[in-house]
>>> print(open('run00.cif').read())   # mmCIF, C-alpha atoms and all ligand atoms
data_start
#
loop_
_atom_site.label_atom_id
_atom_site.label_comp_id
_atom_site.auth_asym_id
_atom_site.auth_seq_id
_atom_site.Cartn_x
_atom_site.Cartn_y
_atom_site.Cartn_z
CA MET A 1 -69.05 -78.84 -45.92
CA LYS A 2 -67.34 -78.29 -49.19
CA ILE A 3 -69.70 -78.91 -52.10
CA ARG A 4 -68.09 -80.25 -55.22
CA VAL A 5 -69.55 -80.23 -58.71
CA GLN A 6 -69.65 -84.05 -58.69
CA ASP A 7 -71.77 -83.95 -55.54
CA ILE A 8 -74.27 -81.57 -57.12
CA ALA A 9 -74.52 -83.84 -60.14
CA PHE A 10 -74.97 -86.86 -57.85
CA TRP A 11 -77.69 -85.25 -55.70
CA THR A 12 -79.44 -83.83 -58.74
CA ALA A 13 -79.51 -87.26 -60.34
CA LEU A 14 -80.81 -88.76 -57.11
CA ALA A 15 -83.50 -86.10 -56.79
CA ILE A 16 -84.71 -86.88 -60.30
CA ALA A 17 -84.50 -90.65 -59.85
CA ALA A 18 -86.05 -90.87 -56.36
CA PRO A 19 -89.68 -90.09 -57.24
CA MET A 20 -89.47 -92.69 -59.99
CA ALA A 21 -88.19 -95.46 -57.71
CA GLY A 22 -90.78 -98.16 -57.36
CA THR A 23 -93.15 -96.51 -59.82
CA GLY A 24 -91.96 -98.71 -62.63
CA ILE A 25 -91.45 -95.63 -64.83
CA ALA A 26 -88.08 -95.82 -66.49
CA GLN A 27 -86.33 -92.52 -67.02
CA ARG A 28 -86.40 -91.43 -70.64
CA SER A 29 -83.15 -90.87 -72.45
CA PRO A 30 -82.55 -87.43 -74.02
CA ARG A 31 -83.22 -88.99 -77.42
CA GLU A 32 -86.55 -90.33 -76.21
CA GLU A 33 -87.37 -86.88 -74.82
CA GLY A 34 -86.48 -85.43 -78.21
CA LEU A 35 -88.78 -87.89 -79.98
CA ALA A 36 -91.56 -86.87 -77.58
CA HIS A 37 -91.09 -83.23 -78.65
CA ILE A 38 -91.30 -84.35 -82.29
CA ALA A 39 -94.55 -86.20 -81.55
CA THR A 40 -95.95 -83.03 -79.92
CA ALA A 41 -94.83 -80.98 -82.95
CA LYS A 42 -96.53 -83.42 -85.30
CA LYS A 43 -99.80 -83.03 -83.43
CA ALA A 44 -99.46 -79.23 -83.46
CA ALA A 45 -98.66 -79.24 -87.20
CA GLY A 46 -101.76 -80.94 -88.56
CA TYR A 47 -102.40 -80.37 -92.24
CA ASP A 48 -101.79 -76.62 -92.28
CA ASN A 49 -98.26 -76.67 -90.91
CA ALA A 50 -97.05 -80.00 -92.32
CA VAL A 51 -94.44 -78.33 -94.55
CA LEU A 52 -92.87 -76.52 -91.59
CA PHE A 53 -92.84 -79.82 -89.69
CA ASP A 54 -90.93 -81.47 -92.55
CA HIS A 55 -88.53 -78.54 -92.78
CA THR A 56 -87.60 -78.81 -89.11
CA CYS A 57 -88.56 -82.09 -87.37
CA SER A 58 -88.56 -84.52 -90.32
CA ARG A 59 -85.28 -83.14 -91.54
CA LEU A 60 -83.84 -83.49 -88.06
CA LEU A 61 -84.56 -87.21 -88.25
CA VAL A 62 -83.31 -87.87 -91.78
CA GLY A 63 -80.72 -85.09 -92.21
CA ALA A 64 -79.71 -83.82 -95.61
CA ALA A 65 -81.49 -86.74 -97.32
CA LEU A 66 -84.67 -84.64 -97.21
CA PRO A 67 -84.44 -81.77 -99.69
CA TYR A 68 -85.83 -78.30 -99.05
CA GLY A 69 -89.26 -78.98 -97.71
CA ARG A 70 -90.26 -81.89 -99.88
CA ILE A 71 -88.95 -80.71 -103.25
CA ALA A 72 -85.29 -80.65 -104.30
CA PRO A 73 -84.08 -77.49 -106.05
CA PRO A 74 -83.58 -78.04 -109.80
CA PRO A 75 -80.10 -77.18 -111.05
CA ASN A 76 -81.34 -74.08 -112.92
CA ASP A 77 -83.55 -72.52 -110.26
CA ARG A 78 -81.71 -69.18 -110.51
CA ASP A 79 -82.73 -68.76 -114.14
CA PRO A 80 -85.30 -65.89 -114.33
CA LYS A 81 -87.33 -67.99 -116.78
CA ASN A 82 -87.80 -70.55 -114.03
CA PHE A 83 -88.41 -68.33 -111.00
CA HIS A 84 -90.53 -65.68 -112.69
CA THR A 85 -94.13 -65.28 -111.62
CA GLU A 86 -96.68 -62.47 -111.60
CA PRO A 87 -97.28 -60.33 -108.50
CA VAL A 88 -100.49 -60.98 -106.55
CA LYS A 89 -102.63 -58.70 -104.42
CA VAL A 90 -103.17 -60.89 -101.34
CA PHE A 91 -104.78 -58.36 -99.00
CA ASP A 92 -106.18 -54.85 -99.58
CA ASN A 93 -102.79 -53.50 -98.46
CA LEU A 94 -100.36 -56.38 -99.11
CA TYR A 95 -98.82 -57.68 -102.34
CA TYR A 96 -96.86 -60.85 -103.02
CA VAL A 97 -93.79 -59.89 -105.05
CA GLY A 98 -91.88 -63.14 -104.56
CA GLU A 99 -90.48 -65.83 -106.80
CA LYS A 100 -92.46 -68.69 -108.24
CA MET A 101 -92.32 -71.65 -105.87
CA GLN A 102 -89.87 -74.09 -107.41
CA HIS A 103 -88.80 -75.79 -104.18
CA GLY A 104 -88.88 -75.31 -100.41
CA GLY A 105 -86.13 -72.68 -100.52
CA SER A 106 -87.77 -70.41 -103.10
CA PRO A 107 -87.69 -66.93 -101.53
CA SER A 108 -90.51 -64.43 -101.48
CA ALA A 109 -90.98 -60.75 -100.67
CA TRP A 110 -93.96 -58.69 -99.58
CA ALA A 111 -94.96 -55.08 -100.22
CA LEU A 112 -97.19 -53.40 -97.64
CA VAL A 113 -98.76 -50.35 -99.23
CA THR A 114 -99.82 -47.42 -97.04
CA SER A 115 -101.08 -43.90 -97.74
CA GLU A 116 -97.56 -42.56 -97.11
CA GLY A 117 -95.48 -45.09 -98.97
CA ILE A 118 -94.45 -48.74 -99.09
CA ILE A 119 -92.81 -51.07 -96.59
CA LEU A 120 -90.93 -53.85 -98.39
CA ILE A 121 -90.21 -57.07 -96.53
CA ASP A 122 -87.07 -58.84 -97.82
CA THR A 123 -85.29 -58.37 -101.16
CA MET A 124 -84.56 -61.95 -102.35
CA PHE A 125 -81.64 -62.50 -104.75
CA GLU A 126 -80.50 -59.58 -106.87
CA ASN A 127 -81.89 -60.99 -110.13
CA SER A 128 -85.24 -61.95 -108.62
CA MET A 129 -85.47 -58.52 -106.96
CA HIS A 130 -85.22 -56.94 -110.43
CA ASP A 131 -87.68 -59.40 -111.93
CA GLU A 132 -90.29 -59.76 -109.19
CA ILE A 133 -90.05 -56.63 -107.04
CA LEU A 134 -89.20 -53.92 -109.59
CA GLY A 135 -90.94 -55.74 -112.46
CA GLY A 136 -93.89 -56.53 -110.20
CA PHE A 137 -94.17 -52.91 -109.06
CA THR A 138 -94.44 -51.77 -112.68
CA LYS A 139 -97.30 -54.23 -113.27
CA LEU A 140 -99.01 -53.18 -110.04
CA ASN A 141 -98.57 -49.50 -110.87
CA LEU A 142 -96.49 -49.03 -107.71
CA ASN A 143 -93.46 -46.76 -107.64
CA PRO A 144 -90.28 -48.23 -106.08
CA ALA A 145 -89.30 -44.66 -105.13
CA ASP A 146 -92.19 -44.89 -102.63
CA ILE A 147 -90.40 -47.65 -100.66
CA LYS A 148 -89.79 -45.88 -97.34
CA TYR A 149 -88.67 -48.91 -95.36
CA ILE A 150 -87.09 -52.25 -96.13
CA LEU A 151 -87.39 -54.80 -93.33
CA ILE A 152 -85.01 -57.75 -93.60
CA SER A 153 -85.99 -61.02 -91.93
CA HIS A 154 -82.37 -62.20 -91.83
CA ASN A 155 -79.08 -61.87 -93.68
CA HIS A 156 -78.97 -64.75 -96.09
CA PRO A 157 -78.36 -64.29 -99.83
CA ASP A 158 -81.92 -65.25 -100.74
CA HIS A 159 -83.23 -62.36 -98.62
CA THR A 160 -80.59 -59.63 -98.91
CA GLY A 161 -79.29 -60.16 -102.46
CA GLY A 162 -81.34 -57.25 -103.83
CA LEU A 163 -80.74 -54.94 -100.88
CA SER A 164 -77.70 -53.00 -102.03
CA TYR A 165 -79.29 -52.00 -105.34
CA LEU A 166 -82.56 -50.87 -103.73
CA GLN A 167 -80.68 -48.96 -101.03
CA THR A 168 -78.45 -47.03 -103.40
CA THR A 169 -81.20 -46.43 -105.97
CA TYR A 170 -84.21 -45.48 -103.81
CA HIS A 171 -82.69 -44.63 -100.38
CA PRO A 172 -85.23 -46.27 -98.08
CA LYS A 173 -84.53 -46.81 -94.38
CA VAL A 174 -83.37 -50.41 -93.86
CA ILE A 175 -83.93 -52.36 -90.65
CA MET A 176 -82.14 -55.65 -89.97
CA GLY A 177 -81.00 -57.43 -86.81
CA GLY A 178 -77.70 -56.01 -85.45
CA PRO A 179 -75.74 -59.29 -85.63
CA ASP A 180 -77.01 -59.79 -89.18
CA TRP A 181 -75.71 -56.35 -90.19
CA ASP A 182 -72.34 -57.40 -88.75
CA ALA A 183 -72.47 -60.62 -90.77
CA ALA A 184 -73.54 -58.84 -93.96
CA LEU A 185 -70.63 -56.40 -93.75
CA ARG A 186 -67.92 -58.94 -92.94
CA PRO A 187 -65.50 -59.39 -95.85
CA ASN A 188 -66.66 -62.26 -98.08
CA ALA A 189 -69.90 -62.34 -96.12
CA ARG A 190 -72.56 -64.76 -97.14
CA GLY A 191 -75.47 -62.72 -98.35
CA VAL A 192 -73.52 -59.86 -99.88
CA ALA A 193 -74.59 -59.16 -103.43
CA ALA A 194 -72.46 -57.42 -106.06
CA ALA A 195 -71.94 -54.62 -103.55
CA PRO A 196 -72.37 -54.86 -99.78
CA PRO A 197 -75.34 -53.06 -98.23
CA ILE A 198 -74.86 -49.84 -96.29
CA ARG A 199 -75.32 -50.29 -92.54
CA ASP A 200 -78.51 -48.66 -91.39
CA ILE A 201 -80.91 -49.36 -88.49
CA SER A 202 -80.44 -52.35 -86.15
CA ALA A 203 -83.79 -53.81 -85.16
CA ALA A 204 -84.76 -53.47 -81.51
CA ASP A 205 -87.04 -56.00 -79.84
CA GLY A 206 -90.57 -54.61 -79.84
CA GLN A 207 -89.63 -51.83 -82.28
CA LYS A 208 -92.59 -50.28 -84.04
CA VAL A 209 -92.32 -49.23 -87.67
CA THR A 210 -95.17 -46.89 -88.56
CA LEU A 211 -96.01 -45.58 -92.01
CA GLY A 212 -99.30 -44.08 -93.15
CA GLY A 213 -100.98 -45.09 -89.88
CA VAL A 214 -99.95 -48.77 -90.20
CA THR A 215 -97.60 -50.18 -87.58
CA ILE A 216 -95.48 -53.30 -88.02
CA THR A 217 -93.90 -54.56 -84.77
CA LEU A 218 -90.49 -56.22 -84.90
CA TYR A 219 -89.15 -58.91 -82.58
CA VAL A 220 -85.54 -60.00 -82.44
CA THR A 221 -85.72 -63.80 -82.52
CA PRO A 222 -82.26 -65.37 -82.96
CA GLY A 223 -82.20 -69.01 -83.99
CA HIS A 224 -82.06 -69.19 -87.77
CA THR A 225 -79.36 -66.50 -87.70
CA ALA A 226 -78.02 -64.49 -84.75
CA GLY A 227 -80.14 -61.47 -85.68
CA THR A 228 -83.30 -62.93 -87.20
CA VAL A 229 -86.28 -60.56 -87.03
CA SER A 230 -89.89 -61.76 -86.77
CA MET A 231 -92.83 -59.44 -87.34
CA LEU A 232 -96.48 -58.76 -86.65
CA ILE A 233 -98.02 -57.15 -89.72
CA PRO A 234 -101.52 -55.62 -89.82
CA VAL A 235 -103.34 -56.56 -93.02
CA ILE A 236 -106.83 -55.79 -94.30
CA ASP A 237 -109.07 -58.18 -96.21
CA LYS A 238 -111.98 -56.48 -97.97
CA GLY A 239 -112.08 -53.89 -95.22
CA VAL A 240 -111.72 -56.39 -92.36
CA PRO A 241 -108.50 -56.11 -90.30
CA HIS A 242 -106.36 -59.16 -89.61
CA LEU A 243 -102.90 -59.62 -88.13
CA ALA A 244 -100.11 -61.59 -89.79
CA ALA A 245 -97.28 -63.30 -87.93
CA LEU A 246 -94.07 -63.68 -89.91
CA TRP A 247 -91.52 -66.04 -88.33
CA GLY A 248 -88.28 -64.51 -89.61
CA GLY A 249 -86.21 -67.60 -90.39
CA THR A 250 -87.23 -71.19 -90.68
CA GLY A 251 -84.19 -73.44 -90.38
CA MET A 252 -82.52 -73.98 -87.01
CA GLN A 253 -79.02 -73.20 -88.28
CA PHE A 254 -77.64 -70.66 -85.78
CA SER A 255 -78.88 -72.14 -82.50
CA ALA A 256 -81.56 -74.75 -81.92
CA ALA A 257 -81.86 -73.71 -78.25
CA ASP A 258 -82.44 -70.04 -79.14
CA TYR A 259 -84.74 -71.07 -81.98
CA SER A 260 -86.93 -73.05 -79.59
CA THR A 261 -86.98 -70.36 -76.89
CA GLN A 262 -87.73 -67.55 -79.33
CA ALA A 263 -90.47 -69.51 -81.10
CA ALA A 264 -92.24 -70.00 -77.76
CA ARG A 265 -91.83 -66.31 -76.94
CA PHE A 266 -93.11 -65.18 -80.35
CA ARG A 267 -95.97 -67.68 -80.07
CA ASN A 268 -97.11 -65.96 -76.86
CA ILE A 269 -96.73 -62.53 -78.43
CA ALA A 270 -98.78 -63.66 -81.45
CA ALA A 271 -101.44 -65.16 -79.16
CA LYS A 272 -101.82 -61.95 -77.14
CA ALA A 273 -101.99 -59.88 -80.32
CA GLY A 274 -104.52 -62.26 -81.92
CA ALA A 275 -102.47 -63.06 -85.04
CA ASP A 276 -104.60 -65.08 -87.48
CA VAL A 277 -102.47 -65.07 -90.65
CA VAL A 278 -99.17 -66.87 -91.30
CA LEU A 279 -96.69 -65.23 -93.64
CA SER A 280 -93.19 -66.37 -94.54
CA THR A 281 -90.45 -65.16 -96.85
CA HIS A 282 -90.34 -68.60 -98.44
CA SER A 283 -93.41 -69.39 -100.48
CA GLN A 284 -93.64 -73.02 -99.47
CA LEU A 285 -93.60 -72.29 -95.75
CA ASP A 286 -96.77 -70.20 -95.71
CA SER A 287 -98.25 -72.43 -98.45
CA SER A 288 -98.23 -69.53 -100.90
CA ASP A 289 -97.75 -72.15 -103.63
CA VAL A 290 -101.32 -73.24 -102.86
CA LYS A 291 -102.79 -69.99 -101.56
CA LEU A 292 -101.76 -67.63 -104.39
CA PRO A 293 -103.68 -69.61 -107.03
CA LEU A 294 -106.63 -69.70 -104.63
CA ILE A 295 -106.47 -65.90 -104.25
CA LEU A 296 -106.53 -65.55 -108.04
CA LYS A 297 -109.63 -67.78 -108.27
CA ARG A 298 -111.35 -66.19 -105.30
CA ARG A 299 -115.00 -65.26 -105.86
CA PRO A 300 -116.98 -62.68 -103.90
CA GLY A 301 -117.79 -64.16 -100.50
CA ASP A 302 -114.98 -66.75 -100.62
CA PRO A 303 -112.66 -66.68 -97.58
CA ASN A 304 -109.12 -65.40 -97.94
CA PRO A 305 -106.95 -68.56 -97.81
CA TYR A 306 -104.23 -66.67 -95.91
CA VAL A 307 -106.59 -66.11 -92.97
CA VAL A 308 -105.93 -69.41 -91.23
CA GLY A 309 -107.09 -68.46 -87.71
CA THR A 310 -105.29 -68.05 -84.41
CA ASP A 311 -105.01 -71.81 -83.73
CA VAL A 312 -103.06 -72.48 -86.92
CA VAL A 313 -100.74 -69.54 -86.17
CA GLN A 314 -100.17 -70.98 -82.70
CA GLY A 315 -99.62 -74.43 -84.20
CA TYR A 316 -97.04 -73.03 -86.62
CA LEU A 317 -94.97 -71.54 -83.83
CA SER A 318 -95.47 -74.63 -81.65
CA VAL A 319 -93.94 -76.73 -84.43
CA ALA A 320 -90.93 -74.38 -84.49
CA HIS A 321 -90.64 -74.47 -80.70
CA GLU A 322 -90.97 -78.25 -80.33
CA CYS A 323 -88.63 -79.14 -83.22
CA GLY A 324 -86.02 -76.75 -81.78
CA ALA A 325 -86.39 -78.45 -78.39
CA ALA A 326 -85.97 -81.85 -80.06
CA ALA A 327 -82.80 -80.67 -81.82
CA VAL A 328 -81.27 -79.65 -78.48
CA LEU A 329 -81.90 -83.14 -77.08
CA MET A 330 -80.64 -84.95 -80.19
CA PRO A 331 -77.12 -83.68 -80.91
CA GLU A 332 -76.28 -86.45 -83.39
CA GLU A 333 -79.39 -85.79 -85.45
CA TYR A 334 -78.81 -82.03 -85.21
CA LYS A 335 -75.32 -82.52 -86.66
CA GLY A 336 -76.92 -84.29 -89.62
CA TYR A 337 -79.50 -81.53 -89.92
CA LEU A 338 -76.76 -78.88 -90.12
CA GLY A 339 -74.91 -80.98 -92.70
CA ARG A 340 -77.32 -79.92 -95.41
CA SER A 341 -76.56 -77.22 -97.94
CA GLY A 342 -78.50 -74.10 -98.78
CA SER A 343 -80.43 -71.56 -96.74
CA ASP A 344 -84.05 -70.94 -95.92
ZN ZN B 1 -82.02 -68.02 -94.21
#
>>> encode(input="run00.cif", output="structure tokens", more="lines below")
Ligand SMILES: [Zn+2]
Amino acid sequence: MKIRVQDIAFWTALAIAAPMAGTGIAQRSPREEGLAHIATAKKAAGYDNAVLFDHTCSRLLVGAALPYGRIAPPPNDRDPKNFHTEPVKVFDNLYYVGEKMQHGGSPSAWALVTSEGIILIDTMFENSMHDEILGGFTKLNLNPADIKYILISHNHPDHTGGLSYLQTTYHPKVIMGGPDWDAALRPNARGVAAAPPIRDISAADGQKVTLGGVTITLYVTPGHTAGTVSMLIPVIDKGVPHLAALWGGTGMQFSAADYSTQAARFRNIAAKAGADVVLSTHSQLDSSDVKLPLILKRRPGDPNPYVVGTDVVQGYLSVAHECGAAAVLMPEEYKGYLGRSGSD
């Protein structure tokens, strides 16, 4: 018997419908399935991950009407006067050298300090790199010449704008996802600063970056961009080790299907590794806007607000996974979601 595609579709439909016959359960439409994923995401989000929920699921429902996170960028957010903030020592070995949180797209950067040098995560825009990273290093008594590695979460201008200058001035090794290197080096590429970066190392999935006995593990998690890199970062709080999970890109711009799949995969990786800290390279998405002031007011014996526990880390990545799954099932809404401007 010759099997035609139509037949397969017919028998598949029948196979799905048959068990439901007589049960009174109507089959859910894809949109209804999508809304069910959003409901699951909402439950997983709770208070701690509400901003990520808004950034992905809520925005999926209302499209570009919802600004970055909950706060629209002011017209002058690239003015150093407006994005400047002081660096903060968040863990014994990790410093916040990001911008002040002005809106949900405000980028941040992190410096992991080891006995053999510094690993810098993301470089923001070129002017905020000068102000926050180099200016911050001076205040922290850190030497930018000690930056041995720069790890890039993804090639968007708010993460790679300062890369070229740091590369040509201090010559660190730079690791970015392969497809994101390709994108960064394309003529007129989005994300290229005054000068394009120099192609260096393409991140491999599971790649370990070790410096001074500290090992960051990289995972290639396409979804926000084709070469987004997520990371597990060992941090120490008053001598106690913790593990941070950094989800490399937050919006579902490149592929909602990949975004959902990779979030589930990284969630399992983070669970096995026992990650109990959420970090992001946007200050709103790891609630740095709330946590940095708490760090500055921290008294002896107070908990570190960045140590949220394994359940909240799992919830964070569940939100990403479920909202990605919803986007796949809701093509009209996803079109509206992609219609927004800006990057994150
Ligand atoms: Zn981005």
>>> residues_around(input="run00.cif", residues="segment 109-126 of chain A", least_positions_apart="5", cutoff="7 Å", atoms="all atoms listed in the file", output="JSON, numbers by chain")
{"A": [93, 94, 95, 96, 97, 98, 146, 147, 148, 149, 150, 151, 152, 153, 157, 158, 159, 160, 161, 162, 163, 193, 211, 212, 214, 281]}
>>> residues_around(input="run00.cif", residues="Gly227 of chain A", least_positions_apart="3", cutoff="12 Å", atoms="only C-alpha atoms", output="ChimeraX atom specification")
/A:152-156,175-184,202-205,218-224,230,248-249,254-255,258-259,262
>>> atom_distance(input="run00.cif", atom1="atom CA of Pro293 of chain A", atom2="atom CA of Val88 of chain A")
9.2 Å
>>> atom_distance(input="run00.cif", atom1="atom CA of Pro144 of chain A", atom2="atom CA of His130 of chain A")
11.0 Å
>>> closest_residue(input="run00.cif", among="A:Asn82, A:Thr250, A:Thr169, A:Ser283", to="ligand ZN 1 (chain B)", atoms="all atoms listed in the file")
A:Thr250
>>> residues_around(input="run00.cif", residues="Gln253 of chain A", least_positions_apart="4", cutoff="12 Å", atoms="all atoms listed in the file", output="VMD selection string")
chain A and resid 55 to 56 60 156 222 to 226 228 249 257 to 260 324 327 to 328 334 to 344
>>> residues_near_point(input="run00.cif", point="(-112.9, -56.2, -94.8)", cutoff="12 Å", atoms="only C-alpha atoms", output="NGL selection string")
:A and (91-93 or 235-242 or 300-301 or 303-304 or 307)
>>> atom_distance(input="run00.cif", atom1="atom CA of Leu243 of chain A", atom2="atom CA of Asp311 of chain A")
13.1 Å
>>> residues_around(input="run00.cif", residues="Asp48 of chain A", least_positions_apart="4", cutoff="10 Å", atoms="all atoms listed in the file", output="PyMOL selection string")
chain A and resi 44+52-53+285-287+308+312-313+315-316
>>> closest_residue(input="run00.cif", among="A:Lys89, A:Lys297, A:His37, A:His321", to="Asn268 of chain A", atoms="all atoms listed in the file")
A:His321
>>> closest_residue(input="run00.cif", among="A:Val90, A:Met101, A:Arg267, A:Ile216", to="Leu294 of chain A", atoms="all atoms listed in the file")
A:Val90
>>> closest_residue(input="run00.cif", among="A:Ile269, A:Leu166, A:Ala145, A:Ala256", to="Thr217 of chain A", atoms="all atoms listed in the file")
A:Ile269
>>> residues_around(input="run00.cif", residues="Lys272 of chain A", least_positions_apart="6", cutoff="12 Å", atoms="all atoms listed in the file", output="list in words")
Leu232, Leu243, Ala245, Arg265, Phe266, Thr310, Val313 and Gln314 of chain A
>>> closest_residue(input="run00.cif", among="A:Pro67, A:Gly135, A:Pro74, A:Gly104", to="Pro87 of chain A", atoms="all atoms listed in the file")
A:Gly135
>>> axis_aligned_box(input="run00.cif", around="segment 171-177 of chain A", padding_each_side="6 Å", output="lines of an AutoDock Vina configuration file")
center_x = -83.1
center_y = -51.0
center_z = -93.6
size_x = 16.2
size_y = 24.8
size_z = 25.6
>>> closest_residue(input="run00.cif", among="A:Ala36, A:Leu134, A:Met330, A:Cys57", to="Tyr170 of chain A", atoms="all atoms listed in the file")
A:Leu134
>>> decode(input="run00.cif", residues="segment 205-273 of chain A", atoms="C-alpha atoms", output="PDB file, in the first residue's frame")
ATOM      1  CA  ASP A 205      29.264  23.284  24.449  1.00  0.00           C
ATOM      2  CA  GLY A 206      30.562  22.181  27.841  1.00  0.00           C
ATOM      3  CA  GLN A 207      33.808  24.122  27.394  1.00  0.00           C
ATOM      4  CA  LYS A 208      35.654  24.788  30.625  1.00  0.00           C
ATOM      5  CA  VAL A 209      37.455  28.072  31.150  1.00  0.00           C
ATOM      6  CA  THR A 210      39.884  27.781  34.047  1.00  0.00           C
ATOM      7  CA  LEU A 211      41.891  30.584  35.603  1.00  0.00           C
ATOM      8  CA  GLY A 212      43.543  30.602  39.013  1.00  0.00           C
ATOM      9  CA  GLY A 213      41.823  27.329  39.944  1.00  0.00           C
ATOM     10  CA  VAL A 214      38.320  28.647  39.133  1.00  0.00           C
ATOM     11  CA  THR A 215      36.421  26.985  36.297  1.00  0.00           C
ATOM     12  CA  ILE A 216      33.504  28.556  34.430  1.00  0.00           C
ATOM     13  CA  THR A 217      31.600  26.097  32.203  1.00  0.00           C
ATOM     14  CA  LEU A 218      30.064  27.348  28.959  1.00  0.00           C
ATOM     15  CA  TYR A 219      26.964  26.019  27.217  1.00  0.00           C
ATOM     16  CA  VAL A 220      25.934  26.944  23.706  1.00  0.00           C
ATOM     17  CA  THR A 221      22.242  27.787  24.022  1.00  0.00           C
ATOM     18  CA  PRO A 222      20.867  29.329  20.804  1.00  0.00           C
ATOM     19  CA  GLY A 223      17.528  31.088  21.101  1.00  0.00           C
ATOM     20  CA  HIS A 224      18.166  34.758  21.823  1.00  0.00           C
ATOM     21  CA  THR A 225      20.829  34.727  19.096  1.00  0.00           C
ATOM     22  CA  ALA A 226      22.175  31.804  17.052  1.00  0.00           C
ATOM     23  CA  GLY A 227      25.287  31.564  19.229  1.00  0.00           C
ATOM     24  CA  THR A 228      24.133  32.599  22.705  1.00  0.00           C
ATOM     25  CA  VAL A 229      26.362  31.250  25.481  1.00  0.00           C
ATOM     26  CA  SER A 230      25.073  30.438  28.979  1.00  0.00           C
ATOM     27  CA  MET A 231      27.406  29.822  31.896  1.00  0.00           C
ATOM     28  CA  LEU A 232      27.861  28.183  35.273  1.00  0.00           C
ATOM     29  CA  ILE A 233      30.064  30.412  37.410  1.00  0.00           C
ATOM     30  CA  PRO A 234      31.516  29.383  40.800  1.00  0.00           C
ATOM     31  CA  VAL A 235      31.255  32.207  43.325  1.00  0.00           C
ATOM     32  CA  ILE A 236      32.222  32.466  46.987  1.00  0.00           C
ATOM     33  CA  ASP A 237      30.254  34.278  49.675  1.00  0.00           C
ATOM     34  CA  LYS A 238      32.238  34.929  52.855  1.00  0.00           C
ATOM     35  CA  GLY A 239      34.181  31.739  52.238  1.00  0.00           C
ATOM     36  CA  VAL A 240      31.129  29.635  51.320  1.00  0.00           C
ATOM     37  CA  PRO A 241      31.017  28.351  47.714  1.00  0.00           C
ATOM     38  CA  HIS A 242      27.930  28.834  45.569  1.00  0.00           C
ATOM     39  CA  LEU A 243      27.224  28.314  41.884  1.00  0.00           C
ATOM     40  CA  ALA A 244      25.704  30.948  39.611  1.00  0.00           C
ATOM     41  CA  ALA A 245      23.683  30.183  36.483  1.00  0.00           C
ATOM     42  CA  LEU A 246      23.793  32.877  33.823  1.00  0.00           C
ATOM     43  CA  TRP A 247      21.194  32.461  31.054  1.00  0.00           C
ATOM     44  CA  GLY A 248      23.017  34.087  28.141  1.00  0.00           C
ATOM     45  CA  GLY A 249      20.208  35.963  26.401  1.00  0.00           C
ATOM     46  CA  THR A 250      16.746  36.766  27.577  1.00  0.00           C
ATOM     47  CA  GLY A 251      14.535  37.654  24.628  1.00  0.00           C
ATOM     48  CA  MET A 252      13.314  34.942  22.250  1.00  0.00           C
ATOM     49  CA  GLN A 253      14.412  36.784  19.104  1.00  0.00           C
ATOM     50  CA  PHE A 254      16.382  34.178  17.114  1.00  0.00           C
ATOM     51  CA  SER A 255      14.207  31.093  17.632  1.00  0.00           C
ATOM     52  CA  ALA A 256      11.488  30.491  20.195  1.00  0.00           C
ATOM     53  CA  ALA A 257      11.718  26.717  19.621  1.00  0.00           C
ATOM     54  CA  ASP A 258      15.475  26.648  20.272  1.00  0.00           C
ATOM     55  CA  TYR A 259      15.041  29.041  23.181  1.00  0.00           C
ATOM     56  CA  SER A 260      12.556  26.693  24.840  1.00  0.00           C
ATOM     57  CA  THR A 261      14.605  23.544  24.188  1.00  0.00           C
ATOM     58  CA  GLN A 262      17.856  25.089  25.383  1.00  0.00           C
ATOM     59  CA  ALA A 263      16.276  26.570  28.509  1.00  0.00           C
ATOM     60  CA  ALA A 264      15.048  23.097  29.497  1.00  0.00           C
ATOM     61  CA  ARG A 265      18.483  21.628  28.793  1.00  0.00           C
ATOM     62  CA  PHE A 266      20.303  24.335  30.772  1.00  0.00           C
ATOM     63  CA  ARG A 267      17.749  23.949  33.575  1.00  0.00           C
ATOM     64  CA  ASN A 268      18.715  20.272  33.899  1.00  0.00           C
ATOM     65  CA  ILE A 269      22.411  21.123  33.780  1.00  0.00           C
ATOM     66  CA  ALA A 270      21.921  23.767  36.492  1.00  0.00           C
ATOM     67  CA  ALA A 271      19.919  21.297  38.615  1.00  0.00           C
ATOM     68  CA  LYS A 272      22.608  18.611  38.425  1.00  0.00           C
ATOM     69  CA  ALA A 273      25.312  21.153  39.236  1.00  0.00           C
TER      70      ALA A 273
END
